[in-house]
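J.: The file below is data33.txt, compact mmCIF, C-alpha atoms and all ligand atoms:
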```txt
# COMPACT_ATOMS: atom_id res chain seq x y z
CA MET A 1 151.09 -192.22 176.28
CA PRO A 2 147.49 -192.57 177.48
CA GLU A 3 146.10 -195.65 175.76
CA GLY A 4 143.45 -198.07 176.98
CA ASP A 5 145.57 -199.47 179.79
CA THR A 6 146.52 -196.03 181.12
CA VAL A 7 142.90 -194.94 181.08
CA TRP A 8 141.84 -198.18 182.81
CA ASN A 9 144.46 -197.54 185.51
CA THR A 10 143.31 -193.94 185.85
CA ALA A 11 139.73 -195.12 186.39
CA GLN A 12 141.02 -197.34 189.19
CA VAL A 13 142.83 -194.40 190.80
CA LEU A 14 139.57 -192.43 190.91
CA GLN A 15 137.65 -195.47 192.10
CA ARG A 16 140.04 -196.00 195.01
CA GLY A 17 140.33 -192.28 195.76
CA ILE A 18 136.78 -190.98 195.74
CA ALA A 19 134.21 -193.72 194.99
CA GLY A 20 131.50 -193.75 197.63
CA GLU A 21 132.39 -190.23 198.74
CA VAL A 22 130.25 -187.11 198.63
CA LEU A 23 131.58 -184.13 196.70
CA THR A 24 131.90 -181.20 199.09
CA ARG A 25 132.85 -178.90 196.21
CA SER A 26 133.39 -179.07 192.47
CA ASP A 27 135.58 -176.58 190.69
CA PHE A 28 135.36 -176.66 186.90
CA ARG A 29 137.86 -174.55 184.98
CA VAL A 30 136.50 -174.99 181.48
CA PRO A 31 134.04 -172.50 179.97
CA GLN A 32 131.34 -175.02 179.10
CA LEU A 33 131.08 -176.23 182.71
CA ALA A 34 131.91 -172.99 184.54
CA ALA A 35 128.39 -172.81 185.98
CA THR A 36 128.17 -176.51 186.88
CA ASP A 37 128.06 -177.34 190.58
CA LEU A 38 128.20 -180.99 191.58
CA SER A 39 128.55 -180.42 195.31
CA GLY A 40 126.41 -182.86 197.26
CA ALA A 41 126.73 -185.54 194.61
CA THR A 42 127.90 -189.02 195.61
CA VAL A 43 130.54 -190.71 193.47
CA VAL A 44 128.98 -194.02 192.48
CA GLU A 45 131.82 -195.46 190.43
CA SER A 46 134.66 -194.70 188.06
CA ALA A 47 134.90 -196.63 184.82
CA SER A 48 136.74 -196.55 181.52
CA ARG A 49 135.50 -197.25 178.03
CA GLY A 50 138.37 -197.47 175.56
CA LYS A 51 140.26 -194.24 176.08
CA HIS A 52 137.28 -192.47 177.69
CA LEU A 53 136.75 -191.99 181.42
CA LEU A 54 133.29 -192.11 182.97
CA LEU A 55 132.84 -190.89 186.53
CA ARG A 56 129.31 -191.82 187.55
CA LEU A 57 127.53 -189.72 190.18
CA ARG A 58 124.25 -189.65 192.03
CA HIS A 59 123.10 -186.07 192.36
CA ARG A 60 119.76 -185.64 194.15
CA ASP A 61 117.43 -187.77 192.00
CA ASP A 62 119.69 -187.67 188.97
CA ARG A 63 122.32 -190.09 187.77
CA LEU A 64 125.04 -188.10 186.06
CA THR A 65 128.31 -189.02 184.35
CA LEU A 66 131.33 -186.78 184.16
CA HIS A 67 133.02 -187.71 180.90
CA SER A 68 136.67 -186.95 180.14
CA HIS A 69 139.32 -187.95 177.62
CA LEU A 70 143.07 -187.86 178.26
CA ARG A 71 144.19 -187.69 174.60
CA MET A 72 147.98 -187.28 174.49
CA ASP A 73 148.70 -185.57 177.78
CA GLY A 74 145.71 -185.50 180.11
CA ALA A 75 145.79 -186.99 183.61
CA TRP A 76 143.75 -187.40 186.76
CA ARG A 77 145.50 -187.42 190.14
CA THR A 78 144.18 -187.69 193.67
CA PHE A 79 145.57 -185.77 196.61
CA LYS A 80 144.82 -185.56 200.29
CA PRO A 81 142.80 -182.49 201.29
CA GLY A 82 145.20 -179.57 201.76
CA GLU A 83 148.05 -181.36 199.99
CA PRO A 84 149.70 -179.39 197.13
CA TRP A 85 148.62 -180.52 193.64
CA ARG A 86 152.01 -181.65 192.38
CA GLY A 87 153.02 -183.10 189.08
CA ARG A 88 151.44 -180.70 186.61
CA PRO A 89 151.32 -176.90 186.37
CA ALA A 90 148.26 -175.23 187.95
CA HIS A 91 147.15 -173.65 184.67
CA LEU A 92 146.46 -177.15 183.30
CA VAL A 93 143.86 -177.90 185.97
CA ARG A 94 140.48 -178.41 184.29
CA VAL A 95 138.51 -179.68 187.26
CA ALA A 96 138.93 -180.40 190.95
CA LEU A 97 136.47 -182.60 192.82
CA HIS A 98 136.75 -182.20 196.58
CA THR A 99 135.65 -184.79 199.11
CA GLN A 100 136.39 -185.17 202.81
CA VAL A 101 139.06 -187.81 202.15
CA ALA A 102 140.62 -186.80 198.84
CA VAL A 103 140.64 -184.27 196.04
CA ALA A 104 140.57 -185.59 192.47
CA VAL A 105 142.25 -183.18 190.08
CA GLY A 106 141.97 -183.46 186.31
CA PHE A 107 144.83 -181.93 184.32
CA HIS A 108 144.62 -181.03 180.63
CA LEU A 109 141.46 -183.08 180.12
CA HIS A 110 139.60 -183.02 176.84
CA GLU A 111 135.94 -183.43 175.96
CA LEU A 112 134.98 -182.69 179.55
CA ALA A 113 131.20 -182.97 179.76
CA VAL A 114 128.42 -183.89 182.14
CA VAL A 115 125.73 -186.15 180.67
CA ARG A 116 122.93 -188.16 182.19
CA THR A 117 124.23 -191.65 182.94
CA ASP A 118 121.45 -193.22 180.89
CA GLU A 119 122.66 -191.09 177.96
CA GLU A 120 126.33 -192.08 178.08
CA HIS A 121 125.93 -193.34 174.53
CA ARG A 122 126.08 -189.69 173.48
CA VAL A 123 129.79 -189.63 174.41
CA VAL A 124 130.88 -193.26 174.00
CA GLY A 125 128.20 -194.86 171.82
CA HIS A 126 130.36 -194.63 168.71
CA LEU A 127 133.08 -196.85 170.21
CA GLY A 128 133.77 -200.39 169.10
CA PRO A 129 134.35 -203.19 171.62
CA ASP A 130 136.54 -202.13 174.55
CA LEU A 131 139.72 -204.21 174.65
CA LEU A 132 139.77 -204.00 178.44
CA GLY A 133 136.01 -204.06 179.00
CA ALA A 134 134.17 -206.87 180.76
CA ASP A 135 132.10 -207.13 177.58
CA TRP A 136 135.10 -207.33 175.20
CA ASP A 137 133.93 -208.93 171.97
CA ALA A 138 136.86 -209.99 169.78
CA GLY A 139 134.61 -211.29 167.02
CA GLU A 140 132.81 -207.98 166.72
CA ALA A 141 136.14 -206.09 166.62
CA VAL A 142 137.37 -208.32 163.80
CA ARG A 143 134.10 -207.86 161.95
CA ARG A 144 134.32 -204.07 162.20
CA LEU A 145 137.97 -204.02 161.08
CA GLY A 146 137.19 -206.30 158.18
CA ALA A 147 134.33 -204.11 156.97
CA LYS A 148 136.86 -201.81 155.28
CA PRO A 149 139.35 -204.24 153.72
CA ASP A 150 141.22 -201.60 151.70
CA ARG A 151 142.14 -199.48 154.67
CA ALA A 152 145.71 -199.52 156.03
CA ILE A 153 145.84 -201.75 159.11
CA ALA A 154 147.73 -199.10 161.11
CA ASP A 155 144.89 -196.60 160.62
CA ALA A 156 142.18 -199.21 161.20
CA LEU A 157 143.64 -200.23 164.57
CA LEU A 158 143.60 -196.61 165.75
CA ASP A 159 139.98 -196.09 164.72
CA GLN A 160 138.14 -196.35 168.03
CA ARG A 161 134.91 -197.22 166.18
CA ASN A 162 136.51 -200.56 165.27
CA LEU A 163 137.90 -201.42 168.69
CA ALA A 164 138.51 -199.10 171.60
CA GLY A 165 141.75 -198.67 173.50
CA ILE A 166 144.62 -198.90 171.01
CA GLY A 167 146.80 -195.83 170.50
CA ASN A 168 150.05 -195.28 168.68
CA LEU A 169 152.16 -197.37 171.04
CA TYR A 170 150.12 -200.58 170.96
CA LYS A 171 149.47 -200.14 167.25
CA ALA A 172 153.20 -200.04 166.46
CA GLU A 173 154.11 -202.82 168.86
CA THR A 174 151.35 -205.19 167.78
CA LEU A 175 152.20 -204.79 164.10
CA PHE A 176 155.89 -205.37 164.80
CA LEU A 177 155.23 -208.53 166.79
CA ARG A 178 153.09 -209.92 163.96
CA GLY A 179 155.60 -208.86 161.28
CA ILE A 180 153.03 -206.73 159.48
CA TRP A 181 153.91 -203.70 157.34
CA PRO A 182 151.77 -200.80 158.71
CA TRP A 183 150.23 -199.95 155.31
CA THR A 184 149.06 -203.47 154.59
CA PRO A 185 145.37 -203.36 153.61
CA VAL A 186 143.21 -204.90 156.33
CA GLY A 187 141.96 -207.49 153.85
CA ASP A 188 145.53 -208.71 153.26
CA VAL A 189 146.43 -209.11 156.94
CA PRO A 190 146.86 -212.80 157.67
CA ASP A 191 145.00 -213.93 160.80
CA LEU A 192 143.30 -210.68 161.74
CA ALA A 193 141.77 -212.43 164.76
CA GLY A 194 145.26 -213.35 165.99
CA LEU A 195 146.39 -209.74 165.61
CA VAL A 196 143.43 -208.48 167.62
CA ALA A 197 143.97 -211.13 170.30
CA LEU A 198 147.62 -210.09 170.63
CA ALA A 199 146.71 -206.39 170.99
CA GLN A 200 144.24 -207.31 173.71
CA ARG A 201 146.86 -209.37 175.56
CA LEU A 202 149.44 -206.58 175.37
CA LEU A 203 147.06 -204.01 176.85
CA SER A 204 145.81 -206.44 179.50
CA SER A 205 149.33 -207.32 180.59
CA ASN A 206 149.94 -203.69 181.56
CA LYS A 207 146.76 -203.23 183.58
CA GLY A 208 147.61 -202.22 187.12
CA ARG A 209 150.96 -200.63 186.31
CA TRP A 210 151.96 -197.43 184.50
CA THR A 211 154.73 -199.11 182.50
CA GLN A 212 153.67 -199.98 178.96
CA ALA A 213 155.93 -202.94 178.32
CA THR A 214 155.56 -205.13 175.23
CA THR A 215 158.99 -206.77 175.22
CA GLY A 216 158.71 -208.48 178.58
CA SER A 217 161.25 -206.09 180.11
CA LEU A 218 160.09 -203.42 182.53
CA ARG A 219 163.45 -201.61 182.42
CA LYS A 220 163.47 -198.08 181.05
CA GLY A 221 164.71 -198.06 177.47
CA GLU A 222 163.86 -201.75 176.97
CA GLN A 223 160.09 -201.68 177.21
CA GLN A 224 159.17 -201.43 173.52
CA TRP A 225 160.29 -203.00 170.25
CA VAL A 226 159.82 -200.10 167.83
CA PHE A 227 157.72 -197.36 169.45
CA GLU A 228 159.78 -194.12 169.73
CA ARG A 229 162.89 -196.04 168.61
CA ALA A 230 163.37 -194.40 165.19
CA GLY A 231 167.02 -194.51 164.11
CA LYS A 232 167.86 -197.23 166.61
CA ALA A 233 168.66 -200.85 165.82
CA CYS A 234 165.82 -203.38 165.74
CA ARG A 235 166.10 -205.59 168.82
CA ARG A 236 165.52 -208.65 166.64
CA CYS A 237 167.49 -208.06 163.45
CA GLY A 238 169.61 -204.93 163.90
CA THR A 239 167.98 -203.03 161.01
CA THR A 240 167.37 -199.33 161.66
CA ILE A 241 163.82 -198.63 162.87
CA ASN A 242 161.85 -196.34 160.57
CA ARG A 243 159.41 -193.60 161.44
CA TRP A 244 156.76 -191.95 159.31
CA THR A 245 154.27 -189.22 160.18
CA GLY A 246 150.95 -188.86 158.43
CA GLY A 247 147.75 -190.75 157.76
CA ASP A 248 144.63 -190.29 159.83
CA HIS A 249 145.12 -187.65 162.54
CA ASP A 250 148.76 -187.21 161.47
CA ARG A 251 149.89 -190.04 163.71
CA ILE A 252 153.44 -191.35 163.88
CA THR A 253 154.22 -194.87 162.78
CA TYR A 254 157.34 -196.85 163.72
CA TRP A 255 158.35 -200.09 162.05
CA CYS A 256 161.28 -202.32 161.19
CA PRO A 257 161.59 -202.58 157.39
CA SER A 258 163.16 -206.04 157.68
CA CYS A 259 160.85 -207.62 160.25
CA GLN A 260 157.79 -205.93 158.72
CA PRO A 261 158.38 -206.10 154.97
CA GLU A 262 155.91 -204.78 152.46
CA ALA A 263 154.08 -207.85 151.21
CA HIS A 264 153.05 -206.47 147.81
CA SER A 265 155.01 -203.74 146.22
CA VAL A 266 152.26 -201.20 145.72
CA GLY A 267 153.96 -197.85 146.24
CA SER A 268 156.41 -197.53 149.08
CA LYS A 269 156.91 -195.64 152.27
ZN ZN B 1 163.86 -206.12 162.64
```
Can you turn what I pasted into C-alpha cells?
Ligand SMILES: [Zn+2]

T.:
Amino acid sequence: MPEGDTVWNTAQVLQRGIAGEVLTRSDFRVPQLAATDLSGATVVESASRGKHLLLRLRHRDDRLTLHSHLRMDGAWRTFKPGEPWRGRPAHLVRVALHTQVAVAVGFHLHELAVVRTDEEHRVVGHLGPDLLGADWDAGEAVRRLGAKPDRAIADALLDQRNLAGIGNLYKAETLFLRGIWPWTPVGDVPDLAGLVALAQRLLSSNKGRWTQATTGSLRKGEQQWVFERAGKACRRCGTTINRWTGGDHDRITYWCPSCQPEAHSVGSK
C-alpha cells in the first residue's frame, strides 16, 4: 500500500539509482507526454512530498520536475541497462528513463506530468505538512485538522490537504492505537496533537524498509493491528475486527468495536 513511507523509500531508490546521471533517452508511454523528450537532462534529485514523487531535472537552461503519484498500485523500479524489467507486466510501463548506469522504470503511475521546478506548487501546493518532510509542522497539521471539527477523523486523516502521507493503513492503525472510533468528529478527538504525533512516528519508523509494521513485529501476518484483518480476532481483546467501505473516495475502514468504542451514540456503523 503506497503511503508516505513507501513514497519516501521510492524517492530514495531513484536518488540512489539515477541522481547525478544524464538521461540518454526518455520513453513516455502516456498520451499527454508522448511528445516529451528529456534526453540530455541531468537528474538533480529525487524527492517526495506526501504521497507525491518529484524527480527534479536540469534540462539545458530549464529546471524541470517530473511529477508522479503511485496511488494504490504504482511503482518505480531501477534496473541495470539491458536487464529485463521484472516485477510488473510491460503494459503497465508509463515511463522509462535511461542513463548509462541504470534505467528507472515507472509502472502504473498516475498524474504523470512535467512542470517547471519553480512551479511545483501547481502539483503539490494543495498539500498540508508532509509527515516525512524536513519541514514537518505538527502544529499546522493539527490546526488544519481542527478547522473542520464536525468531520469524521478517519476522513480528515486521509485528506492530504490537512497533512500529507497518511493512507488507509496508517489511518486505521493510528486510530486503533489511540482507541478512537473512526467516525468520531475531529472536534471530539481527545489529544489531536498526540494522534498526529503517533501517525508521524509510525510512518517514520518504516522509512528505509518496505515493511509497514505498526505492531513492532516485522513478521508477515503480524505487522498490523487491524488493517486488512476484518473477521479476525483483535490482537488485544479478541473481538472480531470490523470493516466498512464508504466515506470519502470509498475507502475501507478497519476497527475493533471493543478497543475503539463509539463515544457518543449518534447513529451507528
Ligand atoms: Zn480489541

J.: Go through A:His52, A:Ile18, A:Gln32, A:Ala138 one by one, measure the shortest atom-to-atom distance of each to Ala96 of chain A using all atoms listed in the file, and give the residue with the smallest value.

T.: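 Closest candidate: A:Ile18.
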
J.: Within 12 Å of Thr36 of chain A, counting only C-alpha atoms, which residues show up once you throw out same-chain ones fewer than 3 positions away? Write them as a PyMOL selection string, please.

T.: chain A and resi 25-33+39+41+66+95+97+112-115

J.: Per residue of chain A within 10 Å of ligand ZN 1 (chain B), record the nearest atom pair and its distance in Å to one decimal, counting only C-alpha atoms and all ligand atoms, with rows in chain order and ascending residue number, as a Markdown table.

T.:
```
| residue | atom | partner | partner_atom | distance |
| --- | --- | --- | --- | --- |
| A:Phe176 | CA | B:ZN1 | ZN | 8.3 |
| A:Leu177 | CA | B:ZN1 | ZN | 9.9 |
| A:Gly179 | CA | B:ZN1 | ZN | 8.8 |
| A:Trp225 | CA | B:ZN1 | ZN | 9.0 |
| A:Val226 | CA | B:ZN1 | ZN | 8.9 |
| A:Ala233 | CA | B:ZN1 | ZN | 7.8 |
| A:Cys234 | CA | B:ZN1 | ZN | 4.6 |
| A:Arg235 | CA | B:ZN1 | ZN | 6.6 |
| A:Arg236 | CA | B:ZN1 | ZN | 5.0 |
| A:Cys237 | CA | B:ZN1 | ZN | 4.2 |
| A:Gly238 | CA | B:ZN1 | ZN | 6.0 |
| A:Thr239 | CA | B:ZN1 | ZN | 5.4 |
| A:Thr240 | CA | B:ZN1 | ZN | 7.7 |
| A:Ile241 | CA | B:ZN1 | ZN | 7.5 |
| A:Trp255 | CA | B:ZN1 | ZN | 8.2 |
| A:Cys256 | CA | B:ZN1 | ZN | 4.8 |
| A:Pro257 | CA | B:ZN1 | ZN | 6.7 |
| A:Ser258 | CA | B:ZN1 | ZN | 5.0 |
| A:Cys259 | CA | B:ZN1 | ZN | 4.1 |
| A:Gln260 | CA | B:ZN1 | ZN | 7.2 |
| A:Pro261 | CA | B:ZN1 | ZN | 9.4 |
```

J.: Please determine, counting all atoms listed in the file, which residue among A:Gly146, A:Gly40, A:Gly139, A:Gly167 has the shortest atom-to-atom distance to Glu21 of chain A.

T.: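 Ranking A:Gly146, A:Gly40, A:Gly139, A:Gly167 by distance to Glu21 of chain A, first place goes to A:Gly40.
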
J.: So that I can see what lies close to Ile252 of chain A, please list as JSON, numbers by chain the residues with an atom at most 8 Å from it, counting all atoms listed in the file and leaving out residues fewer than 5 positions away in the same chain.

T.: {"A": [168, 243, 244, 245, 246]}

J.: Give me, please, the distance in Å between atom CA of His69 of chain A and atom CA of His110 of chain A, quoted to one decimal.

T.: 5.0 Å

J.: I'd like the contact shell of Gly194 of chain A - 12 Å cut-off, only C-alpha atoms, skipping same-chain residues fewer than 2 positions apart - returned as a VMD selection string.

T.: chain A and resid 138 to 139 141 to 142 174 to 175 177 to 178 189 to 192 196 to 201

J.: Once you add 5 Å to each side, what are the centre and edge lengths of the axis-aligned box holding all listed atoms of segment 46-65 of chain A? One decimal in Å, as lines of an AutoDock Vina configuration file, if you can.

T.:
```
center_x = 128.8
center_y = -191.6
center_z = 184.9
size_x = 32.8
size_y = 21.8
size_z = 28.6
```

J.: Provide the atom CA of Thr42 of chain A to atom CA of Ala19 of chain A distance in Å, to one decimal place.

T.: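 Spanning atom CA of Thr42 of chain A to atom CA of Ala19 of chain A is a straight-line distance of 7.9 Å.
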
J.: Would you kindly return, as a ChimeraX atom specification, each protein, DNA or RNA residue with an atom no farther than 9 Å from any atom of segment 117-124 of chain A, considering only C-alpha atoms and excluding same-chain residues fewer than 2 positions away?

T.: /A:49-50,52,54,56-57,62-67,111,113-115,126-127

J.: For Asp150 of chain A, which of A:Met1, A:Val186, A:Met72, A:Ala193 is the closest residue, counting only C-alpha atoms?

T.: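 For Asp150 of chain A, the nearest of the candidates is A:Val186.
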
J.: Figure out the distance between atom CA of Ala75 of chain A and atom CA of Arg16 of chain A, please, to one decimal in Å.

T.: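 So the two atoms, atom CA of Arg16 of chain A and atom CA of Ala75 of chain A, lie 15.6 Å apart.
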
J.: Near Thr6 of chain A, within 9 Å and counting only C-alpha atoms, which residues show up once chain neighbours fewer than 2 positions away are dropped, as a PyMOL selection string?

T.: chain A and resi 1-4+8-11+51+206-212

J.: Which of these residues is nearest to Ala156 of chain A, using only C-alpha atoms: A:Leu132, A:Leu202, A:Pro185, A:Trp85?

T.: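 Distance minimum relative to Ala156 of chain A lands on A:Pro185.
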
J.: Select, from A:Val101, A:Leu131, A:Pro89, A:Glu83, the residue with the minimum atom-to-atom distance to Ser48 of chain A, counting all atoms listed in the file.

T.: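 So, comparing all the options, the nearest one is A:Leu131.
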
J.: Which residue, A:Gly216, A:Pro182, A:Pro84, A:Gly221, has the smallest gap to Ile153 of chain A when you use all atoms listed in the file?

T.: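 Using all atoms listed in the file, Ile153 of chain A sits closest to A:Pro182.
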